[in-house]
Structure formats: structure tokens, C-alpha cells
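Peer 1: Just dropping this structure here.
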Amino acid sequence: MKKKVALITGITGQDGSFLAKLLLSKNYKVHGIKRRTSFFSTKRIDDVLKEKHSKNQTINLHYGDVTDSVNCFDLIKKIKPDEVYHLAAQSHVAISFEQPYYTANVDFLGTLNMLESIRIYNKKIKFYNAASSEMYGDSRNSIGEQNENTTFNPKSPYAVSKLASFHLTKVYRESYGMFASNGILFNHESEIRGENFLTRKVSKFVAKYSFTKKGILLLGNLDSYRDWGYAPDFVDGIWRILQYKHPDDFVLSSGITHSVKKFVILAFKHIGVELKFKKIGNQYFGYNKLNNNLVLKTINYYYRPNEVNYLKGNYLKAKKKLKWKPKTNINNLIKIMVDNDIENLRKSL
């Protein structure tokens, strides 16, 4: 039986690396696009690249950039994929305020380039677009959850770019009969999450604090609520979206929301530290309850210019149609992340 061929943009990112390993386990031939830089940035998939597999059982990397339309078409023509998983993006919300043009160029025009390449070369190629819960902004329905029918209300250049890509994917699906699907993924974290993201910033600090009992964690809005899940669970959902009988849009989420403050409390609790908080004006101060040492404070620098205060996804459609549901709760997620960062620190000592 002929192996399926998959192309992953953003393969060196958190989701791309987990997805590559999942597809290899399902006997796919996996190709990935990697931007040309002056240093190697394949850390997340190095374990696969170094394994002694035959050529058809490993990851085939290609230099490329989704902002280059000619390059996108040439890669589609060369690789001839059965499935394209478009994950490449400038995915940090705060950075999108600092680099709005770059964010729009990568997140929207990159999607356009991939869709046009598929349309011109072979419209039978299945296409997955990584959308985002940030598209909802503060839009809530009557039960306080967001699903596929909830009104979007983006609050950042990142969210606007993702929403444009979401609608563009639907336009190509409806206009050209392409198998083009969107996954609206709520926050999903892991032990290989980028270190500039909130959850990894917290897990790294907590791991270090478990050794030193020193330092002050600087954060932004502790009162925002997020729906957090584990990235490998969500990657399984991404794969299922392209295996469904027809193209469609799906929310993937945990269905449970927690405040940033709660995430921090649970992370410190994992290493046996109980926090107590004092609020002066809009600023939080967090103390180690055992010795009253300051371990956390909020500062204006880490607040977004336009905050999204509440996200909670309803994944009922994915549960019914894809037979998908999350497996990892927030306590286990935090355990995985903090324990991994503690082990990394232990190895470096």
C-alpha cells in the first residue's frame, strides 16, 4: 500500500514537531518546510532526524518560506503531498502588536500562498489551516463558551490575521471545491512550548525556584482566563480533521477555563510552594506563604494593549464527528511541563 505523503509548514514548532512524529507513527512519508537561518533550529525534531531510519521513515526537510509564493508552488510540485498541514505562523500575540506587518505577511499571505499553490497544482490535496481561539476575542455566547458558530471579535493583529486566513480557507473550499479545513485550537501547551509563552515562562521559573528558592517572576494580567490543553492531544485532533469525510471547521479545546493566577498557583503547588497574594491597585504581588518572600509581581510591560479576558471552548462537534476529546487535564499538563524543566535543569548542573 502506497504511503500517504504529508507536508507540514512550521514543522520545527511545537505542533509541527508533535504532528511529524504522529504521522511517522501512522506510516506517512513526512516533509517539512524550514526557513533558512544562520543556525540550526530543529531542536524539537532532532531525535527523529538522528534516528537510523530508512529515507522513507524519517522527516524530509526543505528550505522554504511561506511568504514566498513561487517557493510554495515549487515545493508543492516537488513533494506532491496528499495532505498539507499549514502550521507556520508568527504565533505570539504580544509580538504581533510590535510586528503587525510581519504577522500579517506570514499568517495571512502565507496561507494565501499555500492555498493558491494547491489550487493551481492539484485541488485534490487536503489542506489544514491552523486557526486560533484568539479570533473570538471577548465574544461570548449565552453559556460562556465559544464554538464554531460563535461571533468572532479579534483583539490583536495576530487574531485579525488568523481570522482572515480562516475565512480565506473557507472561500477556497466553497469556491473551488477544495478539501480545505480549519482547526480552531484553544491554548495548548507542552514541555517544548516556546520559552516566550506564558505557560513555559511559568514552568521554567518554578523549576528554577525549586532549586534556588530565589527570584521574582514578572507577569502581566493574572485575571485573564484561558482554556488550556496538552499539545499532543490537540495534534491528534488536527490529524483527525483531515481524515474526516468532508472538509469542515472544528473547535479543539479542553472545555475548561482557568485564570492565569490559578495556573501559577498550581505550578508552584506542584513543587510544594503555597502562594498568597496581595493586590495594590491593579498590581498583584505573590508571596511564598512559608517564609513571606516575594516570588511574583505583575508589571504593565507584560499587559497587552488590548486584553482578551475570557476564552472557553466547546469541542462537542469534534467529539461527535471526529470521535476526539482531550485526555490531559491542567494538573497533569503542569506536572509534565514543570517536571521536564526540572529535569533539564538537573542535567545542566
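By convention here, the chains of the C-alpha cells are called A, B, ... in the order presented, each chain's residues are numbered starting at 1, and ligands are numbered starting at 1 in the order presented.
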May I have all residues of stretch 22-169 of chain A that DSSP, computed from the backbone, assigns to alpha helix (DSSP H), given as a count of residues only?

Peer 2: 56

Peer 1: Write out as a PyMOL selection string the residues lying within 9 Å of stretch 149-163 of chain A, counting only C-alpha atoms and excluding same-chain residues fewer than 6 positions away.

Peer 2: chain A and resi 90-97+99-101+103-109+130-141+304-308

Peer 1: With C-alpha atoms retained, export the selected residues as a PDB file, in the first residue's frame.

Peer 2:
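The result, written out as out29.pdb:
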ATOM      1  CA  GLN A  90       4.051  34.313  13.836  1.00  0.00           C
ATOM      2  CA  SER A  91       2.087  32.877  16.743  1.00  0.00           C
ATOM      3  CA  HIS A  92       2.828  35.180  19.669  1.00  0.00           C
ATOM      4  CA  VAL A  93       0.006  37.624  20.410  1.00  0.00           C
ATOM      5  CA  ALA A  94       2.119  40.232  22.224  1.00  0.00           C
ATOM      6  CA  ILE A  95       4.748  40.242  19.468  1.00  0.00           C
ATOM      7  CA  SER A  96       2.017  40.833  16.879  1.00  0.00           C
ATOM      8  CA  PHE A  97       1.481  44.297  18.355  1.00  0.00           C
ATOM      9  CA  GLN A  99       5.419  43.437  14.432  1.00  0.00           C
ATOM     10  CA  PRO A 100       1.954  43.751  12.843  1.00  0.00           C
ATOM     11  CA  TYR A 101       3.190  43.858   9.227  1.00  0.00           C
ATOM     12  CA  THR A 103       2.497  38.965  11.421  1.00  0.00           C
ATOM     13  CA  ALA A 104       0.025  39.744   8.637  1.00  0.00           C
ATOM     14  CA  ASN A 105       2.538  38.774   5.962  1.00  0.00           C
ATOM     15  CA  VAL A 106       3.277  35.362   7.471  1.00  0.00           C
ATOM     16  CA  ASP A 107      -0.106  34.493   8.949  1.00  0.00           C
ATOM     17  CA  PHE A 108      -2.376  35.680   6.138  1.00  0.00           C
ATOM     18  CA  LEU A 109      -0.303  35.888   2.948  1.00  0.00           C
ATOM     19  CA  ALA A 130      -4.309  26.369  11.883  1.00  0.00           C
ATOM     20  CA  ALA A 131      -6.807  28.942  13.114  1.00  0.00           C
ATOM     21  CA  SER A 132      -6.896  30.216  16.700  1.00  0.00           C
ATOM     22  CA  SER A 133      -9.219  30.810  19.638  1.00  0.00           C
ATOM     23  CA  GLU A 134      -7.783  34.340  19.747  1.00  0.00           C
ATOM     24  CA  MET A 135     -10.149  35.089  16.837  1.00  0.00           C
ATOM     25  CA  TYR A 136     -13.027  35.134  19.340  1.00  0.00           C
ATOM     26  CA  GLY A 137     -11.564  37.934  21.438  1.00  0.00           C
ATOM     27  CA  ASP A 138     -14.061  38.606  24.213  1.00  0.00           C
ATOM     28  CA  SER A 139     -17.004  37.290  22.225  1.00  0.00           C
ATOM     29  CA  ARG A 140     -19.148  35.029  24.456  1.00  0.00           C
ATOM     30  CA  ASN A 141     -22.412  33.274  23.775  1.00  0.00           C
ATOM     31  CA  ARG A 304      -1.385  43.523  26.099  1.00  0.00           C
ATOM     32  CA  PRO A 305      -2.598  46.800  24.559  1.00  0.00           C
ATOM     33  CA  ASN A 306      -5.993  45.104  24.087  1.00  0.00           C
ATOM     34  CA  GLU A 307      -6.648  42.256  26.529  1.00  0.00           C
ATOM     35  CA  VAL A 308      -8.701  39.121  25.872  1.00  0.00           C
TER      36      VAL A 308
END

Peer 1: Excluding same-chain residues fewer than 5 positions from A:Lys126, what lies within 7 Å of it counting only C-alpha atoms, as a PDB file with N, CA and C atoms, in the first residue's frame?

Peer 2:
ATOM      1  N   ASP A  82      -0.223  14.428  -0.321  1.00  0.00           N
ATOM      2  CA  ASP A  82      -1.649  14.093  -0.232  1.00  0.00           C
ATOM      3  C   ASP A  82      -2.347  15.025   0.752  1.00  0.00           C
ATOM      4  N   GLU A  83      -1.592  15.450   1.779  1.00  0.00           N
ATOM      5  CA  GLU A  83      -2.134  16.310   2.823  1.00  0.00           C
ATOM      6  C   GLU A  83      -1.132  17.413   3.140  1.00  0.00           C
ATOM      7  N   VAL A  84      -1.631  18.625   3.328  1.00  0.00           N
ATOM      8  CA  VAL A  84      -0.796  19.749   3.750  1.00  0.00           C
ATOM      9  C   VAL A  84      -1.321  20.259   5.079  1.00  0.00           C
ATOM     10  N   PHE A 179     -10.606  20.454  -0.535  1.00  0.00           N
ATOM     11  CA  PHE A 179     -10.713  19.897   0.813  1.00  0.00           C
ATOM     12  C   PHE A 179      -9.848  20.778   1.709  1.00  0.00           C
ATOM     13  N   ALA A 180     -10.439  21.885   2.162  1.00  0.00           N
ATOM     14  CA  ALA A 180      -9.726  22.877   2.961  1.00  0.00           C
ATOM     15  C   ALA A 180     -10.467  23.066   4.282  1.00  0.00           C
ATOM     16  N   LEU A 242      -8.356  16.164   8.973  1.00  0.00           N
ATOM     17  CA  LEU A 242      -8.130  15.849   7.558  1.00  0.00           C
ATOM     18  C   LEU A 242      -8.540  14.437   7.179  1.00  0.00           C
TER      19      LEU A 242
END

Peer 1: From the set A:Trp324, A:Phe211, A:Tyr310, A:Phe197, which residue has the shortest atom-to-atom contact distance to A:Ser224, counting only C-alpha atoms?

Peer 2: A:Tyr310

Peer 1: In Å, rounded to a single decimal, give me how far atom CA of A:Leu87 is from atom CA of A:Asn60.

Peer 2: 16.5 Å

Peer 1: Could you check which of A:Lys289, A:Lys312, A:Lys26, A:His258 is closest to A:Trp239, using only C-alpha atoms?

Peer 2: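 Smallest separation from A:Trp239 among the options: A:Lys26.
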
Peer 1: Skip A:Ile79 itself and residues of its chain fewer than 5 positions away, then list as number ranges by chain all residues within 8 Å of it, counting only C-alpha atoms.

Peer 2: A: 5, 7, 31

Peer 1: List as a PyMOL selection string the protein and nucleic acid residues near A:Leu222, meaning an atom at most 10 Å away when only C-alpha atoms are counted, but skip any in the same chain fewer than 4 places from it.

Peer 2: chain A and resi 259-264+283-284+297-298+303+309

Peer 1: Just the number, please: distance in Å from atom CA of A:Phe166 to atom CA of A:Thr111, one decimal.

Peer 2: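 Separation of atom CA of A:Phe166 and atom CA of A:Thr111: 9.1 Å.
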
Peer 1: Hey, what's within 10 Å of A:Asn293 if we count only C-alpha atoms and toss same-chain stuff fewer than 4 positions away? As a compact mmCIF listing (two decimals) with N, CA and C atoms, in the first residue's frame, please?

Peer 2:
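Printed below is around-v8.txt as written:
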# COMPACT_ATOMS: atom_id res chain seq x y z
N LYS A 213 15.15 28.65 45.34
CA LYS A 213 14.25 29.41 46.23
C LYS A 213 14.52 30.91 46.14
N LYS A 214 14.92 31.34 44.94
CA LYS A 214 15.21 32.75 44.71
C LYS A 214 14.56 33.21 43.40
N GLY A 215 14.42 34.53 43.28
CA GLY A 215 13.92 35.10 42.04
C GLY A 215 12.52 35.65 42.17
N ILE A 216 12.16 36.55 41.24
CA ILE A 216 10.81 37.12 41.19
C ILE A 216 10.28 36.95 39.77
N LEU A 275 1.20 29.82 47.58
CA LEU A 275 1.29 31.26 47.39
C LEU A 275 0.16 32.00 48.10
N GLY A 286 2.79 38.29 44.69
CA GLY A 286 2.64 36.93 45.17
C GLY A 286 3.78 36.57 46.10
N TYR A 287 3.46 35.96 47.25
CA TYR A 287 4.45 35.63 48.27
C TYR A 287 4.44 34.14 48.58
N ASN A 288 5.60 33.61 48.88
CA ASN A 288 5.72 32.26 49.40
C ASN A 288 5.12 32.27 50.80
N LYS A 289 4.05 31.54 50.99
CA LYS A 289 3.34 31.58 52.26
C LYS A 289 4.20 31.09 53.42

Peer 1: Would you mind listing what lies within 9 Å of A:Ile271 as a ChimeraX atom specification, with only C-alpha atoms counted and same-chain residues fewer than 4 positions away left out?

Peer 2: /A:206-207,209-210,267,338

Peer 1: Please, could you write that set of residues out with N, CA and C atoms as a tab-separated table (two decimals), in the first residue's frame?

Peer 2:
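After the write, part_34.tsv holds the following:
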chain	number	residue	atom	x	y	z
A	206	VAL	N	9.35	28.21	37.88
A	206	VAL	CA	9.02	27.34	39.01
A	206	VAL	C	10.06	26.24	39.15
A	207	ALA	N	10.51	25.68	38.04
A	207	ALA	CA	11.56	24.66	38.09
A	207	ALA	C	12.83	25.22	38.71
A	209	TYR	N	13.06	27.81	40.66
A	209	TYR	CA	12.78	28.16	42.06
A	209	TYR	C	12.86	26.93	42.96
A	210	SER	N	12.52	25.77	42.41
A	210	SER	CA	12.57	24.54	43.21
A	210	SER	C	14.00	24.23	43.65
A	267	ALA	N	1.15	25.60	39.49
A	267	ALA	CA	2.54	25.32	39.15
A	267	ALA	C	3.42	25.35	40.39
A	338	VAL	N	6.51	21.27	34.29
A	338	VAL	CA	7.44	21.61	35.38
A	338	VAL	C	8.47	20.50	35.57

Peer 1: In Å, how far is it from atom CA of A:Leu23 to atom CA of A:Tyr244?

Peer 2: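 Computing the Euclidean distance for atom CA of A:Leu23 and atom CA of A:Tyr244 yields 15.8 Å.
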
Peer 1: Which is closest to A:Leu311 among A:Tyr102, A:Tyr172, A:Tyr121, A:Trp228, if we use only C-alpha atoms?

Peer 2: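 Of all the options, A:Trp228 lies closest to A:Leu311.
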